[in-house]
There are 2 protein chains.
Amino acid sequence: MTSLIHDASAALTERPSGHTSQLSEQGKAVRMRALTLLGLGTLFLTTSCKDSHIDNLEERSRLSDEVSLWPLPQQFQTSPVAFKLSASRFKIVHAPGSTAGPSCSLLQNAFRRYFKYIFGYVNEQGQPRSRVFDSELRELQVLITSTDPECDAYPSLKTDESCKFAVVFLTAFVVVFVVLGLETFSQLVYEDDYGVNNINKTSILDYPRFSHRGILLDTSRHYLPLKVILANLEVMAMNKFNVFHWHIVDDSSFPFLSRTFPNLSQQGAYHPYTHVYTPVDVKSVIEFARMRGIRVIAEFDTPGHTQSWGKGQTDLLTPCYSGSSPSGTFGPVNPILNSTYDFMTSFFKEISSVFADAYIHLGGDEVDFSCWKSNPDIQKFMEQQGFGQDYSKLESYYIQRLLDIVSSTKKGYMVWQEVFDNEVKLKGDTQIHVWKMNPQYQDEMARVTAAGFHTLLSSPWYLNRISYGQDWQDIYRVDPQSFNGTPEQKKLVIGGEACLWGEYVDATNLTPRLWPRASAVAERLWSDENVKDIGSAYSRLEKHRCHMVRRGIPAEPLFVGHCGHEYSGL
Amino acid sequence: MTSLIHDASAALTERPSGHTSQLSEQGKAVRMRALTLLGLGTLFLTTSCKDSHIDNLEERSRLSDEVSLWPLPQQFQTSPVAFKLSASRFKIVHAPGSTAGPSCSLLQNAFRRYFKYIFGYVNEQGQPRSRVFDSELRELQVLITSTDPECDAYPSLKTDESCKFAVVFLTAFVVVFVVLGLETFSQLVYEDDYGVNNINKTSILDYPRFSHRGILLDTSRHYLPLKVILANLEVMAMNKFNVFHWHIVDDSSFPFLSRTFPNLSQQGAYHPYTHVYTPVDVKSVIEFARMRGIRVIAEFDTPGHTQSWGKGQTDLLTPCYSGSSPSGTFGPVNPILNSTYDFMTSFFKEISSVFADAYIHLGGDEVDFSCWKSNPDIQKFMEQQGFGQDYSKLESYYIQRLLDIVSSTKKGYMVWQEVFDNEVKLKGDTQIHVWKMNPQYQDEMARVTAAGFHTLLSSPWYLNRISYGQDWQDIYRVDPQSFNGTPEQKKLVIGGEACLWGEYVDATNLTPRLWPRASAVAERLWSDENVKDIGSAYSRLEKHRCHMVRRGIPAEPLFVGHCGHEYSGL
C-alpha cells in the first residue's frame with residue numbers, strides 16, 4: 001500500500017481538477033479512494049485497507065503536533081499550503097458518479113452537522129463581504145463507490161471499515177465512512193489570526209485498528225434523560241467511537257418500557273412516566289446513533305442484577321429463605337421454573353426486534369448464590385440435576401437455556417467474562433467481554449482467545465472510577481493486545497469499551513466525567529499501536545478537548561490552561 | 001433562651017393574627033424575633049442568640065428526616081399541621097414597623113428570587129383556578145428591627161449573625177439575615193401528592209456556629225466565566241456560605257484588570273479581552289454576592305505564585321541565575337528593591353478600594369527559595385541584613401513590609417499558615433489560614449490559637465482532590481475545633497473554607513465537582529457541633545441536592561437514586 005501514498009502525494013503536486021475519475025478508478029482497483037477538489041486547491045483524504053503498511057511514522061509524529069487530529073489517522077501527509085474556506089461559498093456536494101445522492105438523509109444530516117461545526121460558531125453575525133482569495137476551498141465532493149451505499153442500513157460489526165474516506169474529495173465505500181471522514185475534515189479546519197477558516201493541503205489514509213470501539217452508559221442506577229444520551233452519541237462521533245453499549249436496566253431501576261411486559265417499567269422504573277424510555281425514545285436513540293455510524297447494543301443482564309425486574313413480573317426472581325420460610329426478599333432470576341423461560345422467550349423476541357443491531361449483550365456477571373442456596377426448591381432441583389453444591393453449574397444451566405432462546409432470534413450475543421469462566425457452551429461468534437481487574441485481565445484475554453473466542457476489553461477502562469490528576473495517561477497506556485498469545489489470538493481482540501457505571505453519575509456530571517478521558521480510549525482503539533507517545537498525545541488531546549468545548553460539550557480540562565472559546569454553559 | 005422556644009411554641013397554638021407587636025416587643029427585649037402570619041396559619045421562624053442552649057436534640061434528629069433542611073437549624077419545632085401556598089395569592093411583604101421597606105433592593109431582590117424558587121418551576125403554565133383552602137398561607141411578613149437595617153451595607157465578619165430570622169413572620173435584625181431566613185423558608189415548602197405547595201407549622205431559631213463559612217475558587221489556573229462565578233454564589237447562598245474567597249491571580253494567569261497597572265492583565269492574562277475580569281465584572285460579582293449576604297475576599301498571593309505578574313511588570317520578580325549569569329527565568333517577587341514596595345503600595349491602594357470587604361487575603365504560601373539563592377544581589381542583601389543562609393528570614397522581611405503597606409489601607413489581612421510559621425510579626429486581628437495536611441493540621445490549629453490568633457481551616461477541605469465514592473462523609477466528619485486546646489483557643493476558630501483549586505477545574509466541571517460536596521462543609525460550619533450523624537445527613541443531603549438540581553444547579557448525586565425533577569441541562 002505504500003505506493004498508493006506516493007501516488008496520492010504525486011497527485012498533490014498536480015493541478016487539482018480532472019483527476020476524479022482517474023483516482024477513483026485506481027481506488028476501485030485497490031479499494032483505496034483518493035479525492036480531488038474541483039476548485040483551486042487539491043486536498044486528499046484517501047482511504048486505505050486495514051492490512052496496509054504504516055508509512056513515515058516519525059514524520060507523522062512531528063506533524064501531529066501541528067495538525068490537531070484525534071484520534072490520529074493511520075497515515076497522513078500535510079503541507080504548509082493553505083486554502084481558505086468561506087461560509088458563504090463553501091459547499092459539501094455529491095460527486096458525479098456517487099452512488100448516494102441528496103435523497104440519502106444520513107449524508108444530508110452529516111453535511112449540515114459538520115457545516116455548522118466548521119462555520120457555525122465563527123460566522124454568527126451574517127455573511128462577511130470580503131474579497132475572494134485565490135486559494136479558496138469551495139467544495140468538498142463526497143463520492144460513495146459501493147453499489148449499495150447503505151444509506152438506510154444500520155452500522156454493523158461486519159461493515160468493512162478498512163476502506164474509508166478521502167478529502168477533498170471525500171471518497172468512501174459506504175455512507176457511514178463519510179461521517180467519519182467529515183469529522184476528520186472538520187478537525188483539519190483551523191482559524192488563522194484573522195478569524196478566517198483555513199485548511200492545509202493534506203492527504204490522509206485512515207482506518208481503525210479495532211472494529212469495536214464502545215462506550216457503556218448505565219441508565220439504571222441513575223436515569224439519564226434522552227438529551228444526555230444523544231449528546232453523548234454526538235461526542236462519541238467526534239471521537240470515532242462506533243458502539244453505544246446501553247446498560248439499560250439493572251437492580252436499581254427498569255426504565256425500558258416493554259410493549260410485551262409494560263409492568264416491568266410501570267413497577268420497576270424510578271417513575272413510570274418521567275423516568276422511562278418509551279419505544280419512541282429508544283427508536284430515536286437508535287436513529288440518532290445510526291446517523292453517526294454508531295451501533296446501539298442493548299444489555300439485558302440476567303440472571304443477577306435483576307432486582308428491578310421482580311417488581312413488575314411475579315415469580316421471575318428466586319424467593320430467598322430465612323430458615324424454612326421465605327424471607328420476603330428475592331435473589332437472581334429463578335432458573336428452575338418453566339415460566340421463567342417462557343417469559344425470556346417473549347421478552348427477548350421483543351428486544352430482538354426493537355434493537356436492530358445483530359448483537360445483544362446478555363450480561364451474566366456477578367451472580368450471588370446465597371439466595372439460591374437458601375431456597376429448598378432450588379436445593380431439590382440441584383440434587384435432581386446432579387449439580388451437587390456447585391451453583392455455578394446452575395448458573396450455567398440458566399445461561400445455556402437463555403442462549404438457546406436468544407439464538408433462535410438470530411441475534412449474536414455478547415456476555416461478561418463469567419459466562420466463559422463458568423464454561424458455558426457458547427456459539428462460536430460469541431463475544432466475551434472482559435471486565436475484571438483480578439485475576440489479571442491480560443491472563444483472561446489470553447485464555448478467552450486461546451479458546452478461540454472473540455473478545456473485547458473494559459477492565460482498565462472503568463471511567464466511573466476517578467482519581468486526582470491526569471488519569472487519562474493510564475487509560476491511554478493500556479493496549480488490548482498486550483497479553484501472551486499468538487498472532488491468531490491477538491486477531492480475536494475486536495476492541496474495547498470505556499464504561500461509565502452509574503453509581504455516582506447522572507445528567508449533572510456525566511459529560512465532563514466521561515470526556516475527554518474516554519477520548520484516550522478512542523485513540524487507543526482507532527490509531528496504530530505505535531501511537532503511544534504521551535507528550536504528543538497531551539498536546540493533541542488538549543486541542544481536541546478545546547474542539548469539543550467549542551462545540552458546546554463540557555469536556556473537562558486535562559490540566560492548567562485555557563481554550564480560545566471557553567465553555568459558556570453552567 | 002430555652003424559655004423563648006417555649007414562648008414561641010405556645011404562640012403556635014394561638015390564633016395567628018395580632019401577635020406581631022407583642023412578639024416583636026419581646027424580641028427586641030432579648031434580641032429574639034418571633035413572627036406571625038397575618039392569615040389563617042401561624043408559623044414561626046424565630047431567631048436566637050449564639051450563646052443560647054440547644055434544645056431537644058433527639059427530637060430534632062427525628063424530625064430532620066422529615067423536613068429536609070440543610071444545613072440543619074440550631075433549634076426547630078414542626079408539626080403535622082400544614083398550610084397550602086398559592087402562587088397567585090402568596091405574598092412576601094414588609095411587616096408594619098419594619099425598618100426596611102420596598103426601597104431596599106437587597107430585600108426585593110431576595111423576595112423575587114425565593115418566590116421563583118418556591119413557585120417558579122411548579123406553576124409554569126399559568127395560574128390555576130382552584131378553590132381556596134381554609135388552611136392557606138397567604139403572607140410571609142418580613143420585619144427588620146435594627147434602626148440601621150444595613151440595606152446598602154456590605155456583609156462583614158462583625159455582622160452579628162447570632163440574631164436572625166423568623167417566619168411567618170420572618171424577623172431579623174438586619175436585612176442579610178432575611179436572605180438566610182428566606183432560604184430556610186423555601187426549604188420548608190414541599191409539594192404534596194397533588195403538586196400543591198405546602199408548609200408545615202414550624203418554629204425555628206437559628207444562627208451559625210462559625211462566622212466565616214467560605215468557598216475558595218481559583219480563577220488563575222483556569223479562567224472562570226462570570227456566569228460560573230455568579231452561579232456559584234447563588235449555590236453558596238442556598239448552603240448559607242457567607243465568604244467567597246476569590247483566589248483571583250496566580251502563576252498561571254493574571255485575569256484581574258487593574259486600572260493602575262493594566263499591563264498586568266494585558267500581558268499576564270490568558271487573553272487580554274476574553275479572559276479578564278474588568279472593573280465592572282468585579283463590581284457585579286461583589287454586588288451579586290452582597291445581595292446574598294456573601295463577603296468577597298480577594299487574594300493577591302505574594303511573594304510566590306506570581307509568575308504571571310512578571311509578564312506585565314518589569315523588575316517585579318527576582319531574576320534567577322545559572323552560575324554567574326541570569327538564566328532568563330524568574331522567581332518570587334524581588335524583595336530587595338524599593339521599586340517592589342512602591343509597586344505594592346500603589347497596587348494594594350487600588351485593591352483596597354475595589355474590594356469593599358474589611359479583609360484582604362495576602363497569601364504568603366509556598367515560597368521557593370532556589371531562585372533567591374541563585375541571585376548574587378539577593379545573596380549580598382542577605383549578608384547585609386545578617387540573615388545568614390536563612391531565606392525564610394528574607395521572606396519574613398518582605399511580608400513584614402507588605403503587611404505595613406496593607407495596614408496603611410486600613411484593611412485587615414488573612415494569610416496562609418507559612419506566614420505564621422515563619423514568625424512574621426502580625427497584627428492582632430490577623431487571620432491565619434491553615435491549609436497543610438502535614439504536619440497535622442490539628443497541631444497547627446493548636447499552635448496558632450495558642451499564640452492568640454484567629455484561625456480558619458481548609459486542610460481537609462481541598463475539594464479539588466477527588467476520589468471514587470462518597471467522599472463527602474470524610475469532609476463532613478471534620479471538626480475545626482477538634483484539637484488540643486483551651487476553650488479560649490477554640491473560640492479563636494472563626495470557621496473554614498472549602499477550596500476548589502483550579503488545576504483540573506474550569507467551567508465544564510466546576511459545579512458538579514463542588515456541589516453537594518461543599519454542602520457537607522456548609523453544615524459543619526453552620527450547625528451545632530453535635531449534628532454529625534452520617535445517616536441523617538445522607539437523607540437530608542440527598543434531598544438538598546435534589547432541591548439544588550430542581551433550581552437548575554448540576555449538583556452531582558451522592559449515590560444510586562433519582563430526583564423527582566432531574567437536571568435538564570447537558
# chains A, B, ... in the order shown; residues from 1 in each chain; ligands from 1
>>> interface_residues(of="chain B", to="chain A", cutoff="7 Å", atoms="only C-alpha atoms", output="PDB file with C-alpha atoms, in the first residue's frame")
ATOM      1  CA  ARG B 221      -5.129  28.150  36.620  1.00  0.00           C
ATOM      2  CA  HIS B 222      -8.317  28.218  34.580  1.00  0.00           C
ATOM      3  CA  VAL B 228     -19.971  30.411  36.602  1.00  0.00           C
ATOM      4  CA  TYR B 270      -4.591  34.069  29.080  1.00  0.00           C
ATOM      5  CA  ARG B 465      -8.914  16.420  45.387  1.00  0.00           C
ATOM      6  CA  ILE B 466     -11.366  13.785  44.222  1.00  0.00           C
ATOM      7  CA  SER B 467     -11.655  10.077  44.832  1.00  0.00           C
ATOM      8  CA  TYR B 468     -14.127   7.353  43.993  1.00  0.00           C
ATOM      9  CA  GLU B 503      -5.537  22.658  38.094  1.00  0.00           C
ATOM     10  CA  TYR B 504      -8.249  20.330  36.811  1.00  0.00           C
ATOM     11  CA  VAL B 505     -11.315  22.522  37.099  1.00  0.00           C
ATOM     12  CA  ASP B 506     -12.961  25.021  34.808  1.00  0.00           C
ATOM     13  CA  ALA B 507     -16.466  25.971  33.737  1.00  0.00           C
ATOM     14  CA  THR B 508     -17.040  22.487  32.299  1.00  0.00           C
ATOM     15  CA  ASN B 509     -16.853  20.605  35.595  1.00  0.00           C
ATOM     16  CA  PRO B 512     -20.873  19.191  39.888  1.00  0.00           C
ATOM     17  CA  PRO B 554     -25.947  20.488  38.286  1.00  0.00           C
ATOM     18  CA  ALA B 555     -25.091  19.198  41.764  1.00  0.00           C
ATOM     19  CA  GLU B 556     -23.874  15.617  41.379  1.00  0.00           C
ATOM     20  CA  PRO B 557     -25.571  12.602  43.014  1.00  0.00           C
ATOM     21  CA  LEU B 558     -24.419  11.152  46.334  1.00  0.00           C
ATOM     22  CA  PHE B 559     -25.216   7.607  45.281  1.00  0.00           C
ATOM     23  CA  VAL B 560     -27.712   5.460  43.372  1.00  0.00           C
ATOM     24  CA  GLY B 561     -31.177   7.020  43.186  1.00  0.00           C
ATOM     25  CA  HIS B 562     -33.149   9.748  41.494  1.00  0.00           C
ATOM     26  CA  TYR B 567     -31.240  18.060  35.760  1.00  0.00           C
ATOM     27  CA  LEU B 570     -26.264  18.898  29.324  1.00  0.00           C
TER      28      LEU B 570
END
>>> select_by_dssp(residues="range 242-301 of chain B", states="alpha helix (DSSP H)", output="count of residues only")
18
>>> atom_distance(atom1="CA of Trp526 in chain B", atom2="CA of Arg292 in chain B")
16.1 Å
>>> atom_distance(atom1="CA of Glu350 in chain B", atom2="CA of His247 in chain B")
16.9 Å
>>> residues_around(residues="Gln431 in chain B", least_positions_apart="4", cutoff="8 Å", atoms="only C-alpha atoms", output="list in words")
Tyr413, Met414, Val415, Phe453, His454, Thr455 and Leu456 of chain B
>>> select_by_dssp(residues="range 137-352 of chain A", states="strand (DSSP E or B)", output="VMD selection string")
chain A and resid 139 to 144 170 to 172 190 to 191 197 to 206 212 to 218 243 to 247 256 277 295 to 299 317 to 322 325 to 333
>>> atom_distance(atom1="CA of Thr147 in chain A", atom2="CA of Pro96 in chain A")
14.2 Å
>>> residues_around(residues="range 296-305 of chain A", least_positions_apart="5", cutoff="8 Å", atoms="only C-alpha atoms", output="VMD selection string")
chain A and resid 243 to 251 286 289 331 to 334 355 to 357 359 to 368 395 398 to 399
>>> write_last_selection(atoms="N, CA and C atoms", output="CSV table (one decimal), in the first residue's frame")
chain,number,residue,atom,x,y,z
A,243,VAL,N,-19.8,2.1,18.9
A,243,VAL,CA,-20.7,1.2,19.6
A,243,VAL,C,-21.2,1.9,20.9
A,244,PHE,N,-22.5,2.1,21.0
A,244,PHE,CA,-23.1,2.6,22.3
A,244,PHE,C,-23.7,1.3,23.0
A,245,HIS,N,-23.0,0.9,24.0
A,245,HIS,CA,-23.4,-0.2,24.8
A,245,HIS,C,-24.4,0.3,25.9
A,246,TRP,N,-25.6,0.1,25.7
A,246,TRP,CA,-26.7,0.7,26.6
A,246,TRP,C,-27.0,-0.3,27.7
A,247,HIS,N,-26.4,-0.1,28.8
A,247,HIS,CA,-26.7,-0.9,30.0
A,247,HIS,C,-28.0,-0.3,30.6
A,248,ILE,N,-29.1,-0.8,30.0
A,248,ILE,CA,-30.4,0.0,30.1
A,248,ILE,C,-31.1,-0.3,31.4
A,249,VAL,N,-31.0,-1.6,31.9
A,249,VAL,CA,-31.7,-1.9,33.2
A,249,VAL,C,-30.7,-2.6,34.1
A,250,ASP,N,-31.0,-2.7,35.4
A,250,ASP,CA,-30.2,-3.3,36.4
A,250,ASP,C,-31.0,-3.4,37.7
A,251,ASP,N,-30.4,-3.8,38.8
A,251,ASP,CA,-31.1,-3.9,40.1
A,251,ASP,C,-31.9,-2.6,40.4
A,286,ILE,N,-31.6,5.0,18.6
A,286,ILE,CA,-31.0,4.2,17.6
A,286,ILE,C,-30.8,4.9,16.3
A,289,ALA,N,-28.0,7.5,16.6
A,289,ALA,CA,-26.8,6.8,16.5
A,289,ALA,C,-26.4,6.4,15.1
A,331,GLY,N,-33.8,-13.1,45.1
A,331,GLY,CA,-32.5,-13.2,44.6
A,331,GLY,C,-32.5,-13.2,43.1
A,332,PRO,N,-31.5,-13.8,42.4
A,332,PRO,CA,-31.4,-13.8,40.9
A,332,PRO,C,-32.7,-14.4,40.3
A,333,VAL,N,-32.8,-14.3,39.0
A,333,VAL,CA,-33.8,-15.0,38.2
A,333,VAL,C,-34.0,-16.4,38.7
A,334,ASN,N,-35.2,-16.9,38.8
A,334,ASN,CA,-35.4,-18.3,39.2
A,334,ASN,C,-35.2,-19.2,38.1
A,355,PHE,N,-34.3,-3.6,19.0
A,355,PHE,CA,-32.9,-3.2,18.8
A,355,PHE,C,-32.4,-3.9,17.5
A,356,ALA,N,-32.0,-3.0,16.6
A,356,ALA,CA,-31.7,-3.5,15.2
A,356,ALA,C,-30.4,-4.2,15.1
A,357,ASP,N,-29.5,-3.9,16.0
A,357,ASP,CA,-28.1,-4.5,15.9
A,357,ASP,C,-28.1,-6.0,15.9
A,359,TYR,N,-26.2,-7.8,17.5
A,359,TYR,CA,-25.8,-8.4,18.7
A,359,TYR,C,-26.7,-7.9,19.9
A,360,ILE,N,-26.8,-8.7,20.9
A,360,ILE,CA,-27.4,-8.3,22.2
A,360,ILE,C,-26.4,-8.7,23.2
A,361,HIS,N,-26.3,-7.8,24.3
A,361,HIS,CA,-25.5,-8.1,25.4
A,361,HIS,C,-26.3,-8.8,26.5
A,362,LEU,N,-25.9,-10.0,26.9
A,362,LEU,CA,-26.8,-10.7,27.8
A,362,LEU,C,-26.3,-10.7,29.3
A,363,GLY,N,-25.2,-9.9,29.5
A,363,GLY,CA,-24.8,-9.8,30.9
A,363,GLY,C,-24.2,-11.1,31.4
A,364,GLY,N,-24.7,-11.6,32.5
A,364,GLY,CA,-24.3,-12.8,33.1
A,364,GLY,C,-23.2,-12.7,34.1
A,365,ASP,N,-23.0,-11.4,34.7
A,365,ASP,CA,-22.0,-11.2,35.6
A,365,ASP,C,-22.5,-11.2,37.1
A,366,GLU,N,-21.6,-11.4,38.0
A,366,GLU,CA,-21.8,-11.3,39.4
A,366,GLU,C,-23.1,-11.9,40.0
A,367,VAL,N,-23.2,-13.2,39.8
A,367,VAL,CA,-24.4,-13.9,40.3
A,367,VAL,C,-24.1,-14.3,41.7
A,368,ASP,N,-25.0,-13.8,42.6
A,368,ASP,CA,-24.8,-14.1,44.1
A,368,ASP,C,-25.6,-15.4,44.4
A,395,GLU,N,-26.1,-21.8,37.4
A,395,GLU,CA,-26.0,-20.6,36.6
A,395,GLU,C,-25.8,-20.9,35.1
A,398,TYR,N,-28.9,-22.1,33.5
A,398,TYR,CA,-29.8,-21.0,33.1
A,398,TYR,C,-29.3,-20.3,31.9
A,399,ILE,N,-28.0,-20.0,31.9
A,399,ILE,CA,-27.4,-19.2,30.8
A,399,ILE,C,-27.6,-20.0,29.5
